[in-house]
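What follows is entry11.pdb (PDB, C-alpha atoms).
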```pdb
ATOM      1  CA  MET A   1      20.007  -9.045   5.056  1.00  0.00           C
ATOM      2  CA  THR A   2      20.699 -11.692   2.460  1.00  0.00           C
ATOM      3  CA  ASN A   3      19.590 -15.032   3.872  1.00  0.00           C
ATOM      4  CA  PHE A   4      17.578 -16.763   6.561  1.00  0.00           C
ATOM      5  CA  HIS A   5      20.481 -16.924   9.019  1.00  0.00           C
ATOM      6  CA  ASP A   6      20.813 -13.140   8.808  1.00  0.00           C
ATOM      7  CA  LEU A   7      17.157 -12.857   9.794  1.00  0.00           C
ATOM      8  CA  VAL A   8      17.773 -14.932  12.907  1.00  0.00           C
ATOM      9  CA  GLY A   9      20.643 -12.648  13.839  1.00  0.00           C
ATOM     10  CA  GLY A  10      18.421  -9.658  13.146  1.00  0.00           C
ATOM     11  CA  PHE A  11      15.851 -10.969  15.604  1.00  0.00           C
ATOM     12  CA  ARG A  12      18.492 -11.280  18.302  1.00  0.00           C
ATOM     13  CA  TYR A  13      19.392  -7.633  17.702  1.00  0.00           C
ATOM     14  CA  PHE A  14      15.710  -6.623  17.865  1.00  0.00           C
ATOM     15  CA  ARG A  15      15.184  -8.526  21.094  1.00  0.00           C
ATOM     16  CA  GLU A  16      18.218  -7.023  22.825  1.00  0.00           C
ATOM     17  CA  GLU A  17      17.951  -3.464  21.504  1.00  0.00           C
ATOM     18  CA  TYR A  18      14.167  -3.037  21.408  1.00  0.00           C
ATOM     19  CA  PHE A  19      12.107  -5.740  23.085  1.00  0.00           C
ATOM     20  CA  LEU A  20      14.060  -5.995  26.333  1.00  0.00           C
ATOM     21  CA  LYS A  21      14.683  -2.240  26.560  1.00  0.00           C
ATOM     22  CA  GLU A  22      11.013  -1.391  25.978  1.00  0.00           C
ATOM     23  CA  LYS A  23       9.461  -4.384  27.685  1.00  0.00           C
ATOM     24  CA  GLU A  24       6.507  -2.478  29.130  1.00  0.00           C
ATOM     25  CA  PHE A  25       5.591  -1.156  25.684  1.00  0.00           C
ATOM     26  CA  PHE A  26       5.674  -4.626  24.135  1.00  0.00           C
ATOM     27  CA  GLU A  27       3.749  -6.109  27.061  1.00  0.00           C
ATOM     28  CA  GLN A  28       0.971  -3.635  26.323  1.00  0.00           C
ATOM     29  CA  LEU A  29       1.054  -4.567  22.634  1.00  0.00           C
ATOM     30  CA  ALA A  30       0.711  -8.231  23.563  1.00  0.00           C
ATOM     31  CA  GLN A  31      -2.694  -7.462  25.097  1.00  0.00           C
ATOM     32  CA  GLY A  32      -4.162  -6.372  21.770  1.00  0.00           C
ATOM     33  CA  GLN A  33      -3.841  -4.015  18.846  1.00  0.00           C
ATOM     34  CA  ASN A  34      -5.564  -0.671  18.376  1.00  0.00           C
ATOM     35  CA  PRO A  35      -4.127   0.980  15.255  1.00  0.00           C
ATOM     36  CA  LYS A  36      -5.899   4.105  14.019  1.00  0.00           C
ATOM     37  CA  THR A  37      -4.530   3.905  10.485  1.00  0.00           C
ATOM     38  CA  MET A  38      -4.558   1.234   7.810  1.00  0.00           C
ATOM     39  CA  VAL A  39      -2.028   1.391   4.984  1.00  0.00           C
ATOM     40  CA  ILE A  40      -2.580  -0.505   1.761  1.00  0.00           C
ATOM     41  CA  ALA A  41       0.810  -0.716   0.091  1.00  0.00           C
ATOM     42  CA  CYS A  42       2.704  -2.657  -2.542  1.00  0.00           C
ATOM     43  CA  CYS A  43       4.485  -5.904  -1.678  1.00  0.00           C
ATOM     44  CA  ASP A  44       7.740  -4.388  -2.975  1.00  0.00           C
ATOM     45  CA  SER A  45      10.568  -4.969  -0.469  1.00  0.00           C
ATOM     46  CA  ARG A  46      11.707  -1.348  -0.872  1.00  0.00           C
ATOM     47  CA  THR A  47       8.446   0.196   0.325  1.00  0.00           C
ATOM     48  CA  ASP A  48       7.895  -0.782   3.940  1.00  0.00           C
ATOM     49  CA  PRO A  49       5.151   1.606   5.154  1.00  0.00           C
ATOM     50  CA  ALA A  50       6.164   1.497   8.821  1.00  0.00           C
ATOM     51  CA  ILE A  51       9.746   2.488   8.018  1.00  0.00           C
ATOM     52  CA  LEU A  52       8.813   5.132   5.442  1.00  0.00           C
ATOM     53  CA  LEU A  53       6.256   6.716   7.770  1.00  0.00           C
ATOM     54  CA  GLY A  54       8.378   6.462  10.932  1.00  0.00           C
ATOM     55  CA  CYS A  55       5.978   4.220  12.841  1.00  0.00           C
ATOM     56  CA  LYS A  56       6.390   1.811  15.729  1.00  0.00           C
ATOM     57  CA  PRO A  57       4.851  -1.664  16.132  1.00  0.00           C
ATOM     58  CA  GLY A  58       1.127  -1.296  16.685  1.00  0.00           C
ATOM     59  CA  ASP A  59       0.794   2.031  14.865  1.00  0.00           C
ATOM     60  CA  LEU A  60      -0.308   0.690  11.486  1.00  0.00           C
ATOM     61  CA  PHE A  61      -2.527  -2.074  10.237  1.00  0.00           C
ATOM     62  CA  VAL A  62      -0.761  -2.949   6.984  1.00  0.00           C
ATOM     63  CA  VAL A  63      -2.256  -4.659   3.955  1.00  0.00           C
ATOM     64  CA  ARG A  64       0.065  -5.375   1.038  1.00  0.00           C
ATOM     65  CA  SER A  65      -0.636  -6.439  -2.514  1.00  0.00           C
ATOM     66  CA  ILE A  66       1.203  -6.258  -5.823  1.00  0.00           C
ATOM     67  CA  ALA A  67       1.069  -2.623  -7.014  1.00  0.00           C
ATOM     68  CA  ALA A  68      -1.146  -1.819  -3.992  1.00  0.00           C
ATOM     69  CA  LEU A  69      -4.111  -2.901  -6.087  1.00  0.00           C
ATOM     70  CA  ILE A  70      -7.566  -3.557  -4.666  1.00  0.00           C
ATOM     71  CA  ALA A  71     -10.201  -5.446  -6.610  1.00  0.00           C
ATOM     72  CA  PRO A  72     -13.583  -3.704  -6.849  1.00  0.00           C
ATOM     73  CA  GLU A  73     -16.471  -5.475  -5.174  1.00  0.00           C
ATOM     74  CA  SER A  74     -17.701  -6.749  -8.553  1.00  0.00           C
ATOM     75  CA  LYS A  75     -14.398  -8.568  -9.145  1.00  0.00           C
ATOM     76  CA  ALA A  76     -13.411  -9.664  -5.651  1.00  0.00           C
ATOM     77  CA  GLY A  77     -12.736 -13.389  -5.557  1.00  0.00           C
ATOM     78  CA  VAL A  78     -14.267 -16.032  -3.326  1.00  0.00           C
ATOM     79  CA  TYR A  79     -10.992 -16.085  -1.400  1.00  0.00           C
ATOM     80  CA  ASP A  80      -9.573 -12.544  -1.424  1.00  0.00           C
ATOM     81  CA  ALA A  81      -6.946 -11.962   1.250  1.00  0.00           C
ATOM     82  CA  VAL A  82      -6.590  -8.264   0.420  1.00  0.00           C
ATOM     83  CA  VAL A  83     -10.285  -7.452   0.801  1.00  0.00           C
ATOM     84  CA  ALA A  84     -10.554  -9.699   3.870  1.00  0.00           C
ATOM     85  CA  ALA A  85      -7.771  -7.756   5.597  1.00  0.00           C
ATOM     86  CA  ILE A  86      -9.351  -4.424   4.684  1.00  0.00           C
ATOM     87  CA  GLU A  87     -12.724  -5.591   5.973  1.00  0.00           C
ATOM     88  CA  TYR A  88     -11.141  -6.663   9.259  1.00  0.00           C
ATOM     89  CA  GLY A  89      -9.431  -3.290   9.666  1.00  0.00           C
ATOM     90  CA  VAL A  90     -12.610  -1.339   8.981  1.00  0.00           C
ATOM     91  CA  LYS A  91     -15.158  -3.471  10.830  1.00  0.00           C
ATOM     92  CA  HIS A  92     -13.187  -4.846  13.762  1.00  0.00           C
ATOM     93  CA  LEU A  93     -10.255  -2.503  14.362  1.00  0.00           C
ATOM     94  CA  LEU A  94     -12.379   0.554  13.470  1.00  0.00           C
ATOM     95  CA  VAL A  95      -9.473   2.401  11.867  1.00  0.00           C
ATOM     96  CA  HIS A  96      -9.976   6.128  11.361  1.00  0.00           C
ATOM     97  CA  ASP A  97      -7.876   6.474   8.213  1.00  0.00           C
ATOM     98  CA  ILE A  98      -7.042   4.321   5.215  1.00  0.00           C
ATOM     99  CA  VAL A  99      -3.958   5.207   3.167  1.00  0.00           C
ATOM    100  CA  VAL A 100      -3.353   3.724  -0.276  1.00  0.00           C
ATOM    101  CA  MET A 101       0.345   4.061  -1.093  1.00  0.00           C
ATOM    102  CA  GLY A 102       1.905   3.449  -4.488  1.00  0.00           C
ATOM    103  CA  HIS A 103       5.524   3.958  -5.482  1.00  0.00           C
ATOM    104  CA  SER A 104       7.958   4.541  -8.325  1.00  0.00           C
ATOM    105  CA  ASN A 105       9.709   1.695 -10.180  1.00  0.00           C
ATOM    106  CA  CYS A 106       6.716  -0.553  -9.515  1.00  0.00           C
ATOM    107  CA  GLY A 107       7.188  -3.984 -11.052  1.00  0.00           C
ATOM    108  CA  GLY A 108       3.453  -4.633 -11.100  1.00  0.00           C
ATOM    109  CA  ILE A 109       2.758  -1.591 -13.278  1.00  0.00           C
ATOM    110  CA  GLN A 110       5.765  -2.398 -15.454  1.00  0.00           C
ATOM    111  CA  GLY A 111       4.247  -5.834 -15.988  1.00  0.00           C
ATOM    112  CA  ILE A 112       1.200  -4.256 -17.636  1.00  0.00           C
ATOM    113  CA  PHE A 113       3.462  -2.605 -20.199  1.00  0.00           C
ATOM    114  CA  ASN A 114       5.493  -5.794 -20.650  1.00  0.00           C
ATOM    115  CA  PRO A 115       2.898  -8.607 -20.536  1.00  0.00           C
ATOM    116  CA  GLU A 116       5.300 -11.102 -22.101  1.00  0.00           C
ATOM    117  CA  LYS A 117       7.278 -11.111 -18.853  1.00  0.00           C
ATOM    118  CA  LEU A 118       4.196 -12.343 -17.000  1.00  0.00           C
ATOM    119  CA  ALA A 119       2.968 -14.758 -19.654  1.00  0.00           C
ATOM    120  CA  SER A 120       3.682 -17.804 -17.489  1.00  0.00           C
ATOM    121  CA  ASP A 121       2.577 -16.187 -14.219  1.00  0.00           C
ATOM    122  CA  GLN A 122      -1.086 -17.092 -13.982  1.00  0.00           C
ATOM    123  CA  TYR A 123      -1.893 -15.338 -10.727  1.00  0.00           C
ATOM    124  CA  VAL A 124       0.376 -12.310 -11.083  1.00  0.00           C
ATOM    125  CA  ALA A 125      -0.808 -11.584 -14.625  1.00  0.00           C
ATOM    126  CA  ARG A 126      -4.452 -11.856 -13.588  1.00  0.00           C
ATOM    127  CA  TRP A 127      -3.925  -9.586 -10.598  1.00  0.00           C
ATOM    128  CA  VAL A 128      -2.118  -6.746 -12.389  1.00  0.00           C
ATOM    129  CA  SER A 129      -4.649  -6.918 -15.230  1.00  0.00           C
ATOM    130  CA  LEU A 130      -6.978  -5.114 -12.827  1.00  0.00           C
ATOM    131  CA  ALA A 131      -5.070  -1.942 -13.649  1.00  0.00           C
ATOM    132  CA  CYS A 132      -4.921  -2.468 -17.434  1.00  0.00           C
ATOM    133  CA  PRO A 133      -7.773   0.012 -18.084  1.00  0.00           C
ATOM    134  CA  VAL A 134      -5.853   2.634 -16.112  1.00  0.00           C
ATOM    135  CA  ALA A 135      -2.652   2.138 -18.124  1.00  0.00           C
ATOM    136  CA  LYS A 136      -4.563   2.146 -21.411  1.00  0.00           C
ATOM    137  CA  GLU A 137      -6.202   5.459 -20.506  1.00  0.00           C
ATOM    138  CA  VAL A 138      -2.825   6.970 -19.613  1.00  0.00           C
ATOM    139  CA  VAL A 139      -1.403   5.871 -22.975  1.00  0.00           C
ATOM    140  CA  ARG A 140      -4.446   7.164 -24.859  1.00  0.00           C
ATOM    141  CA  GLU A 141      -4.371  10.562 -23.175  1.00  0.00           C
ATOM    142  CA  ASN A 142      -0.589  10.992 -23.383  1.00  0.00           C
ATOM    143  CA  PRO A 143       0.534   9.637 -26.782  1.00  0.00           C
ATOM    144  CA  GLU A 144       3.660  11.805 -26.884  1.00  0.00           C
ATOM    145  CA  ALA A 145       4.905  10.853 -23.419  1.00  0.00           C
ATOM    146  CA  THR A 146       7.971   8.667 -22.992  1.00  0.00           C
ATOM    147  CA  LEU A 147       7.605   5.151 -21.605  1.00  0.00           C
ATOM    148  CA  GLU A 148       9.120   6.335 -18.320  1.00  0.00           C
ATOM    149  CA  GLU A 149       6.530   9.119 -18.092  1.00  0.00           C
ATOM    150  CA  LYS A 150       3.690   6.717 -18.900  1.00  0.00           C
ATOM    151  CA  LEU A 151       4.870   4.340 -16.197  1.00  0.00           C
ATOM    152  CA  ARG A 152       4.995   7.152 -13.642  1.00  0.00           C
ATOM    153  CA  MET A 153       1.528   8.387 -14.565  1.00  0.00           C
ATOM    154  CA  SER A 154       0.167   4.831 -14.469  1.00  0.00           C
ATOM    155  CA  GLU A 155       1.681   4.268 -11.008  1.00  0.00           C
ATOM    156  CA  GLU A 156      -0.027   7.393  -9.697  1.00  0.00           C
ATOM    157  CA  ALA A 157      -3.287   6.605 -11.491  1.00  0.00           C
ATOM    158  CA  GLY A 158      -3.167   3.090 -10.058  1.00  0.00           C
ATOM    159  CA  VAL A 159      -3.311   4.513  -6.541  1.00  0.00           C
ATOM    160  CA  LEU A 160      -6.428   6.522  -7.384  1.00  0.00           C
ATOM    161  CA  PHE A 161      -7.904   3.462  -9.077  1.00  0.00           C
ATOM    162  CA  SER A 162      -7.463   1.466  -5.869  1.00  0.00           C
ATOM    163  CA  MET A 163      -9.053   4.269  -3.861  1.00  0.00           C
ATOM    164  CA  GLU A 164     -12.050   4.203  -6.186  1.00  0.00           C
ATOM    165  CA  ASN A 165     -12.313   0.424  -5.889  1.00  0.00           C
ATOM    166  CA  LEU A 166     -12.067   0.688  -2.115  1.00  0.00           C
ATOM    167  CA  LEU A 167     -15.158   2.861  -2.082  1.00  0.00           C
ATOM    168  CA  SER A 168     -17.110   0.263  -4.075  1.00  0.00           C
ATOM    169  CA  TYR A 169     -17.571  -1.631  -0.786  1.00  0.00           C
ATOM    170  CA  SER A 170     -20.542  -0.284   1.138  1.00  0.00           C
ATOM    171  CA  TRP A 171     -18.853  -0.954   4.487  1.00  0.00           C
ATOM    172  CA  VAL A 172     -16.116   1.498   3.419  1.00  0.00           C
ATOM    173  CA  ALA A 173     -18.234   4.041   1.567  1.00  0.00           C
ATOM    174  CA  GLU A 174     -20.808   4.406   4.348  1.00  0.00           C
ATOM    175  CA  PRO A 175     -18.407   5.345   7.194  1.00  0.00           C
ATOM    176  CA  VAL A 176     -16.564   7.648   4.768  1.00  0.00           C
ATOM    177  CA  LYS A 177     -19.824   9.408   3.930  1.00  0.00           C
ATOM    178  CA  ALA A 178     -20.643   9.644   7.638  1.00  0.00           C
ATOM    179  CA  GLY A 179     -17.282  11.260   8.372  1.00  0.00           C
ATOM    180  CA  LYS A 180     -16.089   8.360  10.507  1.00  0.00           C
ATOM    181  CA  LEU A 181     -13.448   7.170   8.053  1.00  0.00           C
ATOM    182  CA  SER A 182     -11.063   9.036   5.752  1.00  0.00           C
ATOM    183  CA  VAL A 183      -9.244   7.711   2.695  1.00  0.00           C
ATOM    184  CA  HIS A 184      -5.926   9.145   1.511  1.00  0.00           C
ATOM    185  CA  ALA A 185      -3.479   8.537  -1.344  1.00  0.00           C
ATOM    186  CA  LEU A 186       0.322   8.638  -1.111  1.00  0.00           C
ATOM    187  CA  TYR A 187       3.044   8.022  -3.678  1.00  0.00           C
ATOM    188  CA  TRP A 188       6.611   7.185  -2.685  1.00  0.00           C
ATOM    189  CA  ASP A 189       9.157   8.480  -5.210  1.00  0.00           C
ATOM    190  CA  MET A 190      12.159   6.393  -4.236  1.00  0.00           C
ATOM    191  CA  ASN A 191      14.357   8.019  -6.874  1.00  0.00           C
ATOM    192  CA  ALA A 192      13.944  11.542  -5.509  1.00  0.00           C
ATOM    193  CA  GLY A 193      13.296  10.519  -1.902  1.00  0.00           C
ATOM    194  CA  HIS A 194       9.965  12.347  -1.863  1.00  0.00           C
ATOM    195  CA  LEU A 195       6.591  11.333  -0.488  1.00  0.00           C
ATOM    196  CA  LEU A 196       3.688  12.802  -2.439  1.00  0.00           C
ATOM    197  CA  ILE A 197       0.098  13.196  -1.236  1.00  0.00           C
ATOM    198  CA  TRP A 198      -2.988  13.448  -3.422  1.00  0.00           C
ATOM    199  CA  ASN A 199      -4.633  16.882  -3.391  1.00  0.00           C
ATOM    200  CA  SER A 200      -8.222  16.331  -4.475  1.00  0.00           C
ATOM    201  CA  GLN A 201      -8.837  20.052  -4.982  1.00  0.00           C
ATOM    202  CA  LYS A 202      -5.917  20.434  -7.378  1.00  0.00           C
ATOM    203  CA  GLU A 203      -6.370  16.878  -8.691  1.00  0.00           C
ATOM    204  CA  ASP A 204      -2.660  16.208  -8.488  1.00  0.00           C
ATOM    205  CA  PHE A 205      -0.026  14.637  -6.263  1.00  0.00           C
ATOM    206  CA  GLU A 206       2.013  17.152  -4.279  1.00  0.00           C
ATOM    207  CA  VAL A 207       5.352  16.666  -2.543  1.00  0.00           C
ATOM    208  CA  LEU A 208       5.003  16.791   1.214  1.00  0.00           C
ATOM    209  CA  ALA A 209       6.923  19.658   2.776  1.00  0.00           C
ATOM    210  CA  HIS A 210      10.357  18.660   4.034  1.00  0.00           C
TER
END
```
Show me, as structure tokens, the structure contained in the file I just sent.
Amino acid sequence: MTNFHDLVGGFRYFREEYFLKEKEFFEQLAQGQNPKTMVIACCDSRTDPAILLGCKPGDLFVVRSIAALIAPESKAGVYDAVVAAIEYGVKHLLVHDIVVMGHSNCGGIQGIFNPEKLASDQYVARWVSLACPVAKEVVRENPEATLEEKLRMSEEAGVLFSMENLLSYSWVAEPVKAGKLSVHALYWDMNAGHLLIWNSQKEDFEVLAH
């Protein structure tokens, strides 16, 4: 879809092919939501979690931010839409799982390596700067790596960074410790068409079996 008028046409298609044909399902959804999983993903238009994970309306509670970043509790702002949405999912929807999903070709991570491109973007530059320590560590530990390799490693490390920040909130850490909530990390490689999952035992991302 390329413009607003296409979106209107797309809604007509949705209404005829989905809403009217599955009216009972959508009537149930209208009564309230009860998703079991929250996905924290990047705003990137190419990484729609519901499509990538084959979900229907009502399956996921989705929170999106540039580079799927989450501010730690010590840096959360007075008005923080990302943390507010996460808090709602944990405290009110009582989700069972939280998935942090990063992806390849992430413009937010690229912005860290090319700060001049964000020089005039006050809010974007400030937001992605959250992950600057992660990128700097990747560069320090991998001096011989190519820029492409450093970007890939920083994208993956950024997901783990967000997971760590997520656990800085007591209302996330406590249910995780009690076994009532689980946190997972995924990485969407759009070039290869692979979805990778973090294996904490091997301390590496692994491609999910096809």
Coordinates-based distance that separates CA of Glu87 (chain A) from CA of Asp59 (chain A) (Å, one decimal):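 Rounded to one decimal, the two atoms are 17.9 Å apart.
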Atom pair CA of Leu94 (chain A) / CA of Ala178 (chain A): separation (Å):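 We find that CA of Leu94 (chain A) and CA of Ala178 (chain A) lie 13.6 Å from each other.
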For the PyMOL selection byres ((chain A and resi 68-79) around 9), applied here, can you spell out every residue it catches as JSON, numbers by chain? {"A": [40, 41, 42, 43, 63, 64, 65, 66, 67, 80, 81, 82, 83, 84, 100, 101, 102, 103, 108, 127, 128, 130, 131, 158, 159, 161, 162, 163, 164, 165, 166, 167, 168, 169]}
Could you dump the residues just selected with C-alpha atoms as a PDB file, in the coordinates of the input?
```pdb
ATOM      1  CA  ILE A  40      -2.580  -0.505   1.761  1.00  0.00           C
ATOM      2  CA  ALA A  41       0.810  -0.716   0.091  1.00  0.00           C
ATOM      3  CA  CYS A  42       2.704  -2.657  -2.542  1.00  0.00           C
ATOM      4  CA  CYS A  43       4.485  -5.904  -1.678  1.00  0.00           C
ATOM      5  CA  VAL A  63      -2.256  -4.659   3.955  1.00  0.00           C
ATOM      6  CA  ARG A  64       0.065  -5.375   1.038  1.00  0.00           C
ATOM      7  CA  SER A  65      -0.636  -6.439  -2.514  1.00  0.00           C
ATOM      8  CA  ILE A  66       1.203  -6.258  -5.823  1.00  0.00           C
ATOM      9  CA  ALA A  67       1.069  -2.623  -7.014  1.00  0.00           C
ATOM     10  CA  ASP A  80      -9.573 -12.544  -1.424  1.00  0.00           C
ATOM     11  CA  ALA A  81      -6.946 -11.962   1.250  1.00  0.00           C
ATOM     12  CA  VAL A  82      -6.590  -8.264   0.420  1.00  0.00           C
ATOM     13  CA  VAL A  83     -10.285  -7.452   0.801  1.00  0.00           C
ATOM     14  CA  ALA A  84     -10.554  -9.699   3.870  1.00  0.00           C
ATOM     15  CA  VAL A 100      -3.353   3.724  -0.276  1.00  0.00           C
ATOM     16  CA  MET A 101       0.345   4.061  -1.093  1.00  0.00           C
ATOM     17  CA  GLY A 102       1.905   3.449  -4.488  1.00  0.00           C
ATOM     18  CA  HIS A 103       5.524   3.958  -5.482  1.00  0.00           C
ATOM     19  CA  GLY A 108       3.453  -4.633 -11.100  1.00  0.00           C
ATOM     20  CA  TRP A 127      -3.925  -9.586 -10.598  1.00  0.00           C
ATOM     21  CA  VAL A 128      -2.118  -6.746 -12.389  1.00  0.00           C
ATOM     22  CA  LEU A 130      -6.978  -5.114 -12.827  1.00  0.00           C
ATOM     23  CA  ALA A 131      -5.070  -1.942 -13.649  1.00  0.00           C
ATOM     24  CA  GLY A 158      -3.167   3.090 -10.058  1.00  0.00           C
ATOM     25  CA  VAL A 159      -3.311   4.513  -6.541  1.00  0.00           C
ATOM     26  CA  PHE A 161      -7.904   3.462  -9.077  1.00  0.00           C
ATOM     27  CA  SER A 162      -7.463   1.466  -5.869  1.00  0.00           C
ATOM     28  CA  MET A 163      -9.053   4.269  -3.861  1.00  0.00           C
ATOM     29  CA  GLU A 164     -12.050   4.203  -6.186  1.00  0.00           C
ATOM     30  CA  ASN A 165     -12.313   0.424  -5.889  1.00  0.00           C
ATOM     31  CA  LEU A 166     -12.067   0.688  -2.115  1.00  0.00           C
ATOM     32  CA  LEU A 167     -15.158   2.861  -2.082  1.00  0.00           C
ATOM     33  CA  SER A 168     -17.110   0.263  -4.075  1.00  0.00           C
ATOM     34  CA  TYR A 169     -17.571  -1.631  -0.786  1.00  0.00           C
TER      35      TYR A 169
END
```
Could you work out how far CA of Val99 (chain A) lies from CA of Leu196 (chain A), giving the answer in Å with one decimal?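 Interatomic distance, CA of Leu196 (chain A) to CA of Val99 (chain A): 12.1 Å.
Closest approach to Leu52 (chain A) among A:Lys150, A:His194, A:His184, A:Arg126: A:His194, based on only C-alpha atoms.
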Within 7 Å of region 152-157 of chain A using all atoms listed in the file, minus same-chain residues under 5 positions, as a PyMOL selection string: chain A and resi 102-104+109+134-135+138+187
Would you kindly return, as an MDAnalysis selection string, each protein, DNA or RNA residue with an atom no farther than 6 Å from any atom of Ile197 (chain A), considering only C-alpha atoms and excluding same-chain residues fewer than 4 positions away? chainID A and resid 185:186 205:206
